[in-house]
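Pasted below: run_21.txt, compact mmCIF, C-alpha atoms.
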```txt
# COMPACT_ATOMS: atom_id res chain seq x y z
CA MET O 8 105.50 -13.62 -176.83
CA ALA O 9 104.84 -10.80 -179.30
CA ARG O 10 102.85 -11.60 -182.40
CA THR O 11 104.21 -10.60 -185.78
CA LYS O 12 101.74 -8.82 -188.06
CA ILE O 13 101.75 -10.37 -191.50
CA ASP O 14 100.26 -8.31 -194.33
CA TYR O 15 101.65 -10.27 -197.28
CA GLY O 16 100.73 -13.59 -198.84
CA ILE O 17 102.82 -15.34 -201.45
CA ASP O 18 101.85 -18.09 -203.83
CA LEU O 19 105.20 -19.69 -204.57
CA GLY O 20 103.92 -21.71 -207.48
CA THR O 21 105.49 -24.41 -209.58
CA THR O 22 104.52 -22.59 -212.78
CA ASN O 23 103.66 -19.03 -211.69
CA SER O 24 104.05 -17.00 -208.50
CA ALA O 25 102.36 -13.94 -207.03
CA ILE O 26 102.36 -11.65 -204.00
CA VAL O 27 99.35 -10.03 -202.39
CA ARG O 28 98.90 -7.50 -199.57
CA MET O 29 95.92 -7.26 -197.28
CA GLU O 30 94.68 -3.66 -197.33
CA SER O 31 91.64 -2.77 -195.21
CA GLY O 32 90.57 -6.41 -195.20
CA ASP O 33 90.80 -6.82 -198.97
CA PRO O 34 93.58 -8.68 -200.80
CA LYS O 35 95.38 -6.48 -203.34
CA ILE O 36 97.67 -8.21 -205.82
CA LYS O 37 100.99 -6.46 -206.30
CA LYS O 38 101.69 -6.12 -210.00
CA THR O 39 104.90 -7.51 -211.44
CA ASP O 40 107.48 -5.47 -213.30
CA THR O 41 105.51 -6.25 -216.47
CA LEU O 42 102.24 -5.14 -214.78
CA LYS O 43 100.83 -8.66 -214.56
CA ASP O 44 99.23 -10.31 -211.53
CA THR O 45 101.57 -13.31 -211.70
CA MET O 46 105.05 -14.00 -212.98
CA PRO O 47 106.54 -17.23 -214.30
CA SER O 48 108.47 -19.18 -211.66
CA CYS O 49 111.54 -19.18 -213.85
CA VAL O 50 115.16 -18.21 -213.14
CA TYR O 51 117.80 -17.44 -215.79
CA PHE O 52 121.52 -16.80 -215.37
CA ASN O 53 123.06 -14.82 -218.22
CA LYS O 54 126.65 -14.74 -219.46
CA ARG O 55 127.35 -11.51 -217.55
CA LYS O 56 126.61 -13.48 -214.35
CA SER O 57 123.43 -11.63 -213.53
CA ILE O 58 120.09 -13.18 -212.64
CA ALA O 59 116.79 -12.69 -214.44
CA VAL O 60 113.54 -13.88 -212.88
CA GLY O 61 109.99 -13.99 -214.20
CA ASP O 62 108.95 -13.03 -217.72
CA SER O 63 112.43 -12.20 -219.00
CA ALA O 64 113.77 -15.50 -217.63
CA TYR O 65 110.87 -17.39 -219.20
CA ASN O 66 111.51 -15.68 -222.56
CA SER O 67 115.13 -16.86 -222.35
CA TYR O 68 113.91 -20.36 -221.51
CA LYS O 69 111.63 -20.40 -224.58
CA ARG O 70 114.42 -19.04 -226.79
CA ASP O 71 116.82 -21.75 -225.58
CA LYS O 72 114.24 -24.51 -226.18
CA LEU O 73 113.49 -23.18 -229.67
CA MET O 74 117.19 -23.11 -230.56
CA THR O 75 117.56 -26.68 -229.27
CA MET O 76 114.59 -27.83 -231.37
CA ARG O 77 116.22 -26.26 -234.44
CA GLY O 78 119.27 -28.43 -233.89
CA GLY O 79 121.48 -26.04 -231.97
CA ASN O 80 123.60 -27.20 -229.07
CA VAL O 81 122.32 -24.84 -226.38
CA ASP O 82 123.50 -25.07 -222.80
CA SER O 83 120.41 -23.70 -221.10
CA ASN O 84 120.82 -21.57 -217.99
CA SER O 85 117.06 -21.24 -217.50
CA PHE O 86 115.32 -23.24 -214.80
CA ILE O 87 111.62 -23.96 -214.29
CA GLU O 88 109.56 -26.36 -212.20
CA PHE O 89 112.34 -26.68 -209.62
CA LYS O 90 109.69 -26.53 -206.88
CA ARG O 91 108.98 -30.17 -207.71
CA THR O 92 112.38 -31.11 -206.29
CA MET O 93 112.18 -29.07 -203.07
CA GLY O 94 113.69 -30.97 -200.18
CA THR O 95 115.77 -33.28 -202.36
CA ASP O 96 119.47 -33.21 -203.20
CA LYS O 97 118.78 -32.35 -206.87
CA LYS O 98 121.13 -29.67 -208.22
CA TYR O 99 120.73 -27.40 -211.22
CA PHE O 100 124.00 -26.52 -212.93
CA SER O 101 124.44 -23.09 -214.50
CA SER O 102 127.37 -22.97 -216.89
CA ASN O 103 127.17 -19.18 -216.95
CA MET O 104 127.57 -18.96 -213.17
CA GLU O 105 129.82 -22.07 -213.06
CA LYS O 106 128.00 -23.50 -210.05
CA ASP O 107 125.15 -25.71 -208.93
CA TYR O 108 121.94 -24.35 -207.43
CA THR O 109 119.46 -26.13 -205.19
CA SER O 110 115.71 -25.82 -205.51
CA GLU O 111 115.76 -23.73 -202.35
CA GLU O 112 118.24 -21.27 -203.84
CA LEU O 113 116.22 -20.94 -207.05
CA SER O 114 112.99 -20.52 -205.06
CA ALA O 115 114.71 -17.82 -202.99
CA GLU O 116 115.35 -15.88 -206.21
CA ILE O 117 111.62 -16.04 -206.99
CA LEU O 118 110.78 -14.81 -203.48
CA LYS O 119 113.33 -11.97 -203.68
CA THR O 120 111.81 -10.82 -206.94
CA LEU O 121 108.28 -10.94 -205.53
CA LYS O 122 109.46 -8.84 -202.58
CA SER O 123 110.92 -6.28 -205.00
CA PHE O 124 107.44 -5.53 -206.37
CA VAL O 125 106.59 -3.94 -203.01
CA THR O 126 108.21 -0.53 -203.21
CA ASP O 127 106.69 1.29 -200.24
CA GLU O 128 108.02 -0.94 -197.44
CA ASN O 129 110.54 -3.66 -196.62
CA VAL O 130 108.75 -7.02 -196.58
CA VAL O 131 110.21 -9.26 -193.87
CA SER O 132 107.21 -11.45 -193.00
CA ALA O 133 104.70 -13.31 -195.15
CA VAL O 134 102.42 -16.28 -195.45
CA ILE O 135 103.66 -18.62 -198.17
CA THR O 136 101.48 -21.36 -199.60
CA VAL O 137 102.72 -24.91 -200.05
CA PRO O 138 101.02 -27.88 -201.72
CA ALA O 139 98.96 -30.07 -199.40
CA LYS O 140 101.05 -33.09 -200.36
CA PHE O 141 104.36 -31.50 -199.29
CA ASN O 142 106.13 -33.60 -196.69
CA THR O 143 108.13 -32.26 -193.76
CA THR O 144 111.37 -32.13 -195.76
CA GLN O 145 109.72 -30.11 -198.54
CA ILE O 146 108.12 -27.77 -196.01
CA ASP O 147 111.50 -27.23 -194.33
CA ALA O 148 113.04 -26.54 -197.76
CA THR O 149 110.40 -23.88 -198.45
CA GLN O 150 111.17 -22.32 -195.06
CA LYS O 151 114.88 -22.31 -195.97
CA ALA O 152 114.13 -20.62 -199.32
CA ALA O 153 112.25 -17.89 -197.46
CA GLU O 154 115.18 -17.37 -195.10
CA LEU O 155 117.58 -17.17 -198.07
CA ALA O 156 115.28 -14.53 -199.57
CA GLY O 157 115.55 -12.39 -196.43
CA PHE O 158 112.31 -13.15 -194.64
CA SER O 159 112.63 -13.07 -190.86
CA HIS O 160 109.17 -14.50 -190.15
CA VAL O 161 107.24 -16.87 -192.41
CA GLU O 162 104.08 -18.87 -191.87
CA LEU O 163 103.50 -21.72 -194.31
CA LEU O 164 99.93 -22.54 -195.27
CA GLN O 165 98.69 -25.46 -197.32
CA GLU O 166 97.13 -24.34 -200.61
CA PRO O 167 93.67 -25.92 -200.04
CA ILE O 168 93.41 -24.15 -196.68
CA ALA O 169 94.45 -20.85 -198.28
CA ALA O 170 91.81 -21.35 -200.99
CA SER O 171 89.07 -22.02 -198.43
CA MET O 172 90.09 -18.95 -196.44
CA ALA O 173 90.01 -16.83 -199.61
CA TYR O 174 86.54 -18.17 -200.34
CA GLY O 175 85.51 -17.17 -196.83
CA LEU O 176 86.70 -13.59 -197.43
CA ASP O 177 84.22 -13.31 -200.31
CA ALA O 178 81.43 -15.48 -198.81
CA GLY O 179 79.36 -12.41 -197.91
CA LYS O 180 79.18 -11.33 -201.56
CA THR O 181 76.13 -12.50 -203.45
CA ASP O 182 77.68 -13.11 -206.87
```

Would you write out, as structure tokens, the structure that this file holds?
Amino acid sequence: MARTKIDYGIDLGTTNSAIVRMESGDPKIKKTDTLKDTMPSCVYFNKRKSIAVGDSAYNSYKRDKLMTMRGGNVDSNSFIEFKRTMGTDKKYFSSNMEKDYTSEELSAEILKTLKSFVTDENVVSAVITVPAKFNTTQIDATQKAAELAGFSHVELLQEPIAASMAYGLDAGKTD
């Protein structure tokens, strides 16, 4: 059986997400469209039925919350922290898109956007981190999100293991 080379790692976070590429043994973070290392794990559906992900989606989320606090009746189409409901039957309704979305579908939008930050090649395989406490259903849901995002090969790695491996990469450094 042929082994698939995986050069990319993704932190599909509850609050923020990031993508990194291994280059000559060193991890290099791919900058977002706003030139940051991470982007908010936020998805927004606008009235023109297009999707915003990351900083622009989070700005829409904050705007909607502010308008609600000021007494406005705002039907928010911004979604955050949906990773907490991975593997459940929880749905997120978007009035602008006139449909429900699952956590897997929203997570797929985050993954698609992270992939778009890599402009010099088509990313089809990656390691994606998952919380250590994720159960089998949540792990399967993360796998499904990756498939929806167009990944053909994904390895899932628990976050504490990923952190210890990252520490090991730098263990030879004295500072």

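With all atoms listed in the file as the atoms that count, the residue of O:Ser123, O:Asn103, O:Asn80, O:Thr95 with the shortest distance to Gln145 (chain O) is O:Thr95.
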
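Interatomic distance, CA of Ser159 (chain O) to CA of Phe124 (chain O): 18.0 Å.
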
Non-local contacts of Ala156 (chain O) (12 Å; all atoms listed in the file; under 2 positions in same chain excluded) as a PDB file with C-alpha atoms, in the frame of the given file:
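Contents of the output file around_25.pdb:
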```
ATOM      1  CA  GLU O 111     115.760 -23.730-202.350  1.00  0.00           C
ATOM      2  CA  GLU O 112     118.240 -21.270-203.840  1.00  0.00           C
ATOM      3  CA  LEU O 113     116.220 -20.940-207.050  1.00  0.00           C
ATOM      4  CA  SER O 114     112.990 -20.520-205.060  1.00  0.00           C
ATOM      5  CA  ALA O 115     114.710 -17.820-202.990  1.00  0.00           C
ATOM      6  CA  GLU O 116     115.350 -15.880-206.210  1.00  0.00           C
ATOM      7  CA  ILE O 117     111.620 -16.040-206.990  1.00  0.00           C
ATOM      8  CA  LEU O 118     110.780 -14.810-203.480  1.00  0.00           C
ATOM      9  CA  LYS O 119     113.330 -11.970-203.680  1.00  0.00           C
ATOM     10  CA  THR O 120     111.810 -10.820-206.940  1.00  0.00           C
ATOM     11  CA  LEU O 121     108.280 -10.940-205.530  1.00  0.00           C
ATOM     12  CA  LYS O 122     109.460  -8.840-202.580  1.00  0.00           C
ATOM     13  CA  SER O 123     110.920  -6.280-205.000  1.00  0.00           C
ATOM     14  CA  VAL O 130     108.750  -7.020-196.580  1.00  0.00           C
ATOM     15  CA  VAL O 131     110.210  -9.260-193.870  1.00  0.00           C
ATOM     16  CA  SER O 132     107.210 -11.450-193.000  1.00  0.00           C
ATOM     17  CA  ALA O 133     104.700 -13.310-195.150  1.00  0.00           C
ATOM     18  CA  THR O 149     110.400 -23.880-198.450  1.00  0.00           C
ATOM     19  CA  GLN O 150     111.170 -22.320-195.060  1.00  0.00           C
ATOM     20  CA  LYS O 151     114.880 -22.310-195.970  1.00  0.00           C
ATOM     21  CA  ALA O 152     114.130 -20.620-199.320  1.00  0.00           C
ATOM     22  CA  ALA O 153     112.250 -17.890-197.460  1.00  0.00           C
ATOM     23  CA  GLU O 154     115.180 -17.370-195.100  1.00  0.00           C
ATOM     24  CA  PHE O 158     112.310 -13.150-194.640  1.00  0.00           C
ATOM     25  CA  SER O 159     112.630 -13.070-190.860  1.00  0.00           C
ATOM     26  CA  HIS O 160     109.170 -14.500-190.150  1.00  0.00           C
ATOM     27  CA  VAL O 161     107.240 -16.870-192.410  1.00  0.00           C
TER      28      VAL O 161
END
```

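Taking CA of Gly32 (chain O) as the reference point, CA of Asn129 (chain O) is found at 20.2 Å.
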
Scan for residues within 12 Å of the point (98.1, -27.7, -201.4) in the coordinates of the file, using all atoms listed in the file, and reply as a ChimeraX atom specification. /O:18-21,135-142,146,163-171

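Closest approach to Ala25 (chain O) among O:Met172, O:Val134, O:Met76, O:Arg91 is made by O:Val134 (distances from only C-alpha atoms).
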
Atom pair CA of Asp82 (chain O) / CA of Lys106 (chain O): separation (Å): 13.6 Å

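Distances to Asp71 (chain O) were evaluated for O:Asn84, O:Ser24, O:Thr144, O:Ser31 using all atoms listed in the file, and the minimum falls at O:Asn84.
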
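The residue set within 6 Å of Asp107 (chain O), counting all atoms listed in the file and dropping same-chain residues fewer than 3 places from it, reads Lys98, Tyr99 and Phe100 of chain O.
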
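If you measure from each of O:Asp147, O:Lys12, O:Met74, O:Asp44 to Val27 (chain O) using all atoms listed in the file, the closest one turns out to be O:Asp44.
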
Counting all atoms listed in the file, which residue out of O:Leu42, O:Ala64, O:Cys49, O:Arg77 sits closest to Ser110 (chain O)? O:Cys49

Considering only C-alpha atoms, can you say which of O:Gly79, O:Asp96, O:Lys37, O:Glu162 comes closest to Ile13 (chain O)? O:Glu162

Shell of 12 Å around Val81 (chain O), all atoms listed in the file, local chain residues under 6 positions omitted, as a list in words: Ser67, Tyr68, Lys69, Arg70, Asp71, Lys72, Leu73, Met74, Thr75 and Ser102 of chain O

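Excluding Met29 (chain O) and any residue on its chain fewer than 5 positions from it, the residues at most 10 Å away by only C-alpha atoms are Ile13, Asp14, Tyr15, Gly16, Pro34, Lys35 and Ile36 of chain O.
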
Restrict the output to region 55-137 of chain O and C-alpha atoms, then write it as a tab-separated table (two decimals), in the first residue's frame.
```tsv
chain	number	residue	atom	x	y	z
O	55	ARG	CA	-26.50	37.88	-1.41
O	56	LYS	CA	-26.15	34.19	-0.46
O	57	SER	CA	-22.38	34.22	-0.34
O	58	ILE	CA	-20.21	32.87	2.45
O	59	ALA	CA	-17.66	34.79	4.49
O	60	VAL	CA	-15.22	32.96	6.75
O	61	GLY	CA	-12.65	34.22	9.24
O	62	ASP	CA	-12.13	37.86	10.18
O	63	SER	CA	-14.87	39.29	7.97
O	64	ALA	CA	-17.35	36.73	9.33
O	65	TYR	CA	-16.30	37.51	12.89
O	66	ASN	CA	-16.74	41.25	12.25
O	67	SER	CA	-20.28	40.51	11.05
O	68	TYR	CA	-20.87	38.42	14.17
O	69	LYS	CA	-19.72	41.29	16.42
O	70	ARG	CA	-21.85	43.79	14.49
O	71	ASP	CA	-24.94	41.58	14.85
O	72	LYS	CA	-24.36	41.12	18.59
O	73	LEU	CA	-23.88	44.87	19.07
O	74	MET	CA	-27.11	45.63	17.21
O	75	THR	CA	-28.94	43.06	19.34
O	76	MET	CA	-27.57	44.62	22.54
O	77	ARG	CA	-28.84	48.02	21.36
O	78	GLY	CA	-32.34	46.60	21.13
O	79	GLY	CA	-32.48	45.71	17.47
O	80	ASN	CA	-34.15	42.54	16.28
O	81	VAL	CA	-31.26	41.00	14.36
O	82	ASP	CA	-31.50	37.58	12.77
O	83	SER	CA	-27.85	36.61	12.94
O	84	ASN	CA	-26.38	34.56	10.12
O	85	SER	CA	-22.98	34.31	11.83
O	86	PHE	CA	-21.94	31.09	13.52
O	87	ILE	CA	-19.14	30.42	15.99
O	88	GLU	CA	-18.17	27.61	18.35
O	89	PHE	CA	-20.03	25.05	16.25
O	90	LYS	CA	-17.12	22.64	16.78
O	91	ARG	CA	-18.59	22.01	20.23
O	92	THR	CA	-21.56	20.27	18.59
O	93	MET	CA	-19.59	18.09	16.15
O	94	GLY	CA	-21.13	14.65	15.87
O	95	THR	CA	-24.55	15.73	17.13
O	96	ASP	CA	-27.77	16.45	15.26
O	97	LYS	CA	-27.61	20.18	16.12
O	98	LYS	CA	-28.49	22.41	13.15
O	99	TYR	CA	-27.70	26.07	12.56
O	100	PHE	CA	-30.35	27.91	10.57
O	101	SER	CA	-29.32	30.67	8.18
O	102	SER	CA	-32.24	32.85	7.17
O	103	ASN	CA	-30.14	34.38	4.39
O	104	MET	CA	-29.48	30.96	2.83
O	105	GLU	CA	-32.90	29.62	3.91
O	106	LYS	CA	-31.43	26.32	5.11
O	107	ASP	CA	-29.94	24.50	8.07
O	108	TYR	CA	-26.24	23.71	8.37
O	109	THR	CA	-24.59	21.02	10.44
O	110	SER	CA	-21.41	21.52	12.43
O	111	GLU	CA	-19.63	19.41	9.82
O	112	GLU	CA	-20.77	21.68	6.99
O	113	LEU	CA	-19.69	24.81	8.86
O	114	SER	CA	-16.34	23.21	9.75
O	115	ALA	CA	-15.89	22.30	6.08
O	116	GLU	CA	-16.17	26.01	5.22
O	117	ILE	CA	-13.36	26.75	7.68
O	118	LEU	CA	-11.22	24.00	6.13
O	119	LYS	CA	-11.91	25.22	2.58
O	120	THR	CA	-10.83	28.71	3.55
O	121	LEU	CA	-7.64	27.44	5.20
O	122	LYS	CA	-6.85	25.51	2.02
O	123	SER	CA	-7.32	28.69	-0.02
O	124	PHE	CA	-4.37	30.32	1.78
O	125	VAL	CA	-2.07	27.86	0.02
O	126	THR	CA	-1.71	29.31	-3.45
O	127	ASP	CA	1.18	27.32	-4.90
O	128	GLU	CA	-0.40	23.84	-4.80
O	129	ASN	CA	-3.69	21.98	-4.39
O	130	VAL	CA	-3.93	20.69	-0.82
O	131	VAL	CA	-5.64	17.29	-0.75
O	132	SER	CA	-4.09	15.71	2.34
O	133	ALA	CA	-3.47	17.03	5.85
O	134	VAL	CA	-3.18	16.21	9.51
O	135	ILE	CA	-6.05	17.79	11.43
O	136	THR	CA	-5.99	18.10	15.20
O	137	VAL	CA	-8.94	17.12	17.36
```
